[in-house]
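Reading through the structure tokens given below for one structure.
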Amino acid sequence: MLLAFVQNAQSDDGIINRLEILQSDHSDSIQGTPLHAQDALARFYENRHYQPAWSSPIARYELVQAIDRVAHDGLNPADYHQDALHDIVHSSSDDADRTLSTELDLIFTDAFLLLAAHLRDGKVNSQTLQAQWAVHQRQEPLFLALEQALQDETVFQTLQSFKPPAPAYQKLSNYRYQLSGLLGRPWPLHDPGPTIHPGDSDPRIPAIRQQLQLLGNLPQADHDSHYSATNTPESQRYAGSLIEAIPAFQARHGLEPDGLIGRKTLQALNTLPIERIRQIDANLERWRWLPDSLGDTYVLVNIAGYDMVLVEDGEEVMHQRVIVGDPFRQTPVFSDRIRYLVFNPTWTVPRTLMIKDQLPKLQADPSYLSRMNFKVYKGWGARRVEVAPEEIDWNTLTADHFPYQLIQQPGPNNSLGQVKFMFPNKHAIYLHDTPGQYHFSREQRTISSGCIRVERPFELAERLLTRNSSWTKDTIRQARQEKEPVKAILDRSVPVHLQYWTTWVDKSGHLQIRKDVYGRDRRLVDALRSDFKGNLQLTPRSHR
């Protein structure tokens with residue numbers, strides 16, 4: 001449908017005509033340059049009575065400057081008409097009063113609106129993992145922000161304000177810049193070979209030492225200067241500052257920090273700087289999917305890092321290991337609010353797990369139900385009837401014929417342990433205790449059916465309840481001793497964020513890297529690198 005433009009004495013006929021053409025012909029380009037924010041373009045120029053916007057050379061320069069630096073955020077400057085705008089800005093540098101043509105004015109506006117949308121919401125749709133080229137309006141419309149930025153001549157500053165405000169985002173972006181300095185440099189690749197123990201001599205050691213120095217895991221000019229020469233036997237010895245640097249490197253990659261340079265450690269060392277940058281880019285995009293504020297107090301689970309933190313009044317006060325869903329039953333990414341806890345919970349087995357997990361156990365061992373304290377019900381809801389397990393011929397049941405419900409009663413064998421943290425959601429996901437505490441010592445903790453098992457759940461329960469309800473340590477202790485479920489409702493619900501970060505910068509300023517256990521990074525990076533036609537572009541290098 002054609003836009004209804006109302007011309008007045010101050011309107012620019014060229015802009016009106018061009019916008020009408022864009023709408024009527026369904027054209028999406030000007031002078032070969034694609035325009036992506038067509039709806040927002042129309043609203044922007046309508047709001048300013050179709051007058052040209054980019055008469056200020058300062059505004060034009062600041063937009064180009066912001067585009068040039070957007071690689072710092074893992075985005076591709078070419079997506080925002082970088083070449084076309086560069087030519088305009090540089091060709092007009094000797095003529096500050098030069099008036100842009102209608103077409104060029106529209107290109108500048110389109111670049112700002114698209115870049116602002118990508119910095120604020122992300123380039124990739126978090127659900128479909130497809131690149132987004134339309135500008136969606138939420139909160140303050142972007143065209144109003146552009147209008148204010150042009151009036152105040154704060155185009156660059158305004159674009160920076162759309163980035164996630166969290167310090168963690170800026171730290172990750174800064175580390176991307178550091179790694180960009182390693183692009184183009186030779187990077188050693190190590191053969192598997194035998195495991196290198198402290199004190200061993202090995203020809204791979206000099207290159208390993210150099211890699212750790214380049215990555216910032218080992219000082220460039222450390223006190224082990226006599227190890228720096230690569231043509232001496234001493235330089236090939238695993239000794240000196242490497243003794244501490246290797247375990248630290250391993251820990252930052254989620255590996256066992258045993259100090260042994262084996263297969264997994266060599267694989268981590270073989271990771272090229274460009275691969276680390278791509279991983280950073282994926283996680284910068286995930287930050288852009290989050291709301292501007294996680295809350296002053298919140299629980300955050302990093303699925304890929306197998307850990308959970310509790311933040312109170314902006315300060316991290318608790319850190320715990322967690323167990324998450326296996327690759328076939330992945331823990332989803334979403335945010336919600338913890339509203340209540342249940343001590344001594346029952347566990348109603350989801351139908352999928354009844355068929356895939358429980359039925360084979362029952363057919364192999366009919367005593368399993370009584371031993372694990374399950375009750376069996378036929379039917380659902382108010383009409384369900386408890387049935388004695390021994391009265392059922394489990395071998396006759398199939399996925400298509402399983403009219404029963406399995407509910408595990410409270411007790412030491414209950415799969416949810418002694419407490420669960422509820423934030424009712426469509427995924428049926430929650431945090432909970434577990435009787436299998438020994439699993440927390442595993443390096444890769446993807447063994448649940450999707451819910452999150454917490455290492456020290458009662459520390460979390462006590463912290464949440466004593467600060468946010470009438471519950472005390474004594475009442476919590478009493479609830480744990482009950483034989484039936486006890487619900488504890490929080491006075492104020494607490495935000496909980498389940499995220500998937502495969503890399504982040506820790507408190508010490510070191511880059512933490514984890515295995516992409518769900519295989520999500522590659523598809524996300526491909527979407528980030530794709531242009532509007534779907535063609536993959538090169539990973540951009542960060543520039544100051």
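Every chain in the structure tokens has a letter given in the order shown (A, B, ...), and although residue numbers restart at 1 in each chain, ligands are simply numbered from 1 in the order shown.
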
List as a list of chain:residue names the protein and nucleic acid residues near range 235-249 of chain A, meaning an atom at most 6 Å away when only C-alpha atoms are counted, but skip any in the same chain fewer than 3 places from it.
A:Pro198, A:Gly199, A:Asp200, A:Ser201, A:Asp202, A:Pro203, A:Ile205, A:Pro206, A:Tyr227, A:Ala229, A:Thr230, A:Thr232, A:Arg252, A:Pro257, A:Gly259

Residues within 12 Å of Leu159 in chain A, only C-alpha atoms, excluding chain neighbours under 2 positions, as a PyMOL selection string:
chain A and resi 59+62-67+69-70+111-120+142+145-146+148-150+153-157+161-164

Excluding Ile476 in chain A and residues on its chain fewer than 3 positions from it, collect all residues at most 10 Å away from it, counting only C-alpha atoms, and give them as a list in words.
Phe343, Phe458, Ala461, Glu462, Leu465, Thr466, Trp471, Thr472, Lys473, Ala479, Arg480, Gln481, Val486 and Ala488 of chain A

Within 12 Å of Glu459 in chain A, counting only C-alpha atoms, which residues qualify if same-chain residues fewer than 4 places away don't, as a VMD selection string?
chain A and resid 309 to 310 317 to 320 419 433 454 to 455 463 to 466 473 476 to 477

Spatial neighbours of Lys375 in chain A, max dist 7 Å, only C-alpha atoms, sep filter under 4 positions, as JSON, numbers by chain:
{"A": [406, 407, 408]}

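Atom pair CA of Leu269 in chain A / CA of Leu214 in chain A: separated by 11.3 Å.
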
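Of note, CA of Ile15 in chain A and CA of Phe108 in chain A are spaced 13.0 Å apart.
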
Any chance you could list, as a count of residues only, the residues in range 460-541 of chain A that come up helix (DSSP H, G or I) when DSSP is run on the backbone?
25

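Minimum distance to Arg18 in chain A across A:Asp357, A:Glu234, A:Asp521, A:Asp105 (counting only C-alpha atoms) occurs at A:Asp105.
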
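Take the candidates A:Ile355, A:Met372, A:Asp307, A:Asp152 and check each one against Asp400 in chain A using only C-alpha atoms; the shortest distance goes to A:Ile355.
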
Set the distance at 9 Å and use only C-alpha atoms: which residues neighbour Leu19 in chain A once local chain neighbours fewer than 4 positions away are removed? I'd like the list as a list in words.
Leu3, Gly14, Ile15, Gln23, Ser24, Gln38, Leu41 and Ala42 of chain A

Put those residues in a file: all heavy atoms, as an mmCIF file, in the first residue's frame.
data_model
loop_
_atom_site.group_PDB
_atom_site.id
_atom_site.type_symbol
_atom_site.label_atom_id
_atom_site.label_comp_id
_atom_site.auth_asym_id
_atom_site.auth_seq_id
_atom_site.Cartn_x
_atom_site.Cartn_y
_atom_site.Cartn_z
ATOM 1 N N LEU A 3 2.317 4.839 0.753
ATOM 2 C CA LEU A 3 2.271 5.757 1.890
ATOM 3 C C LEU A 3 1.566 7.032 1.455
ATOM 4 O O LEU A 3 1.758 7.520 0.339
ATOM 5 C CB LEU A 3 3.688 6.090 2.377
ATOM 6 C CG LEU A 3 4.463 4.946 3.025
ATOM 7 C CD1 LEU A 3 5.867 5.422 3.349
ATOM 8 C CD2 LEU A 3 3.770 4.476 4.280
ATOM 9 N N GLY A 14 12.128 15.677 -3.607
ATOM 10 C CA GLY A 14 12.958 14.522 -3.942
ATOM 11 C C GLY A 14 12.794 13.385 -2.944
ATOM 12 O O GLY A 14 12.704 12.214 -3.324
ATOM 13 N N ILE A 15 12.744 13.720 -1.670
ATOM 14 C CA ILE A 15 12.592 12.687 -0.639
ATOM 15 C C ILE A 15 11.215 12.050 -0.735
ATOM 16 O O ILE A 15 11.072 10.821 -0.668
ATOM 17 C CB ILE A 15 12.834 13.285 0.768
ATOM 18 C CG1 ILE A 15 14.330 13.611 0.933
ATOM 19 C CG2 ILE A 15 12.366 12.323 1.856
ATOM 20 C CD1 ILE A 15 14.683 14.236 2.247
ATOM 21 N N GLN A 23 8.174 2.473 -1.952
ATOM 22 C CA GLN A 23 6.986 1.764 -1.508
ATOM 23 C C GLN A 23 6.215 1.147 -2.679
ATOM 24 O O GLN A 23 5.812 -0.009 -2.628
ATOM 25 C CB GLN A 23 6.070 2.729 -0.745
ATOM 26 C CG GLN A 23 6.648 3.211 0.580
ATOM 27 C CD GLN A 23 6.742 2.088 1.597
ATOM 28 O OE1 GLN A 23 5.793 1.341 1.768
ATOM 29 N NE2 GLN A 23 7.883 1.968 2.243
ATOM 30 N N SER A 24 6.039 1.911 -3.728
ATOM 31 C CA SER A 24 5.179 1.444 -4.822
ATOM 32 C C SER A 24 5.832 0.377 -5.677
ATOM 33 O O SER A 24 5.186 -0.578 -6.111
ATOM 34 C CB SER A 24 4.763 2.637 -5.706
ATOM 35 O OG SER A 24 5.903 3.240 -6.304
ATOM 36 N N GLN A 38 13.162 0.460 5.555
ATOM 37 C CA GLN A 38 12.243 1.284 4.771
ATOM 38 C C GLN A 38 11.087 1.846 5.597
ATOM 39 O O GLN A 38 10.739 3.017 5.466
ATOM 40 C CB GLN A 38 11.712 0.477 3.583
ATOM 41 C CG GLN A 38 12.799 0.153 2.563
ATOM 42 C CD GLN A 38 12.231 -0.464 1.297
ATOM 43 O OE1 GLN A 38 11.109 -0.180 0.895
ATOM 44 N NE2 GLN A 38 13.019 -1.316 0.657
ATOM 45 N N LEU A 41 12.491 4.446 7.817
ATOM 46 C CA LEU A 41 12.866 5.602 6.979
ATOM 47 C C LEU A 41 11.656 6.506 6.749
ATOM 48 O O LEU A 41 11.731 7.731 6.916
ATOM 49 C CB LEU A 41 13.400 5.115 5.626
ATOM 50 C CG LEU A 41 14.878 4.789 5.490
ATOM 51 C CD1 LEU A 41 15.125 4.157 4.125
ATOM 52 C CD2 LEU A 41 15.732 6.019 5.659
ATOM 53 N N ALA A 42 10.555 5.894 6.370
ATOM 54 C CA ALA A 42 9.359 6.678 6.082
ATOM 55 C C ALA A 42 8.884 7.424 7.325
ATOM 56 O O ALA A 42 8.515 8.605 7.256
ATOM 57 C CB ALA A 42 8.251 5.756 5.566
#

Compare A:Pro165, A:Pro141, A:Gly295, A:Gly262 by their minimum atom-to-atom distance to Ser493 in chain A, counting only C-alpha atoms, and give me the closest one.
A:Gly295
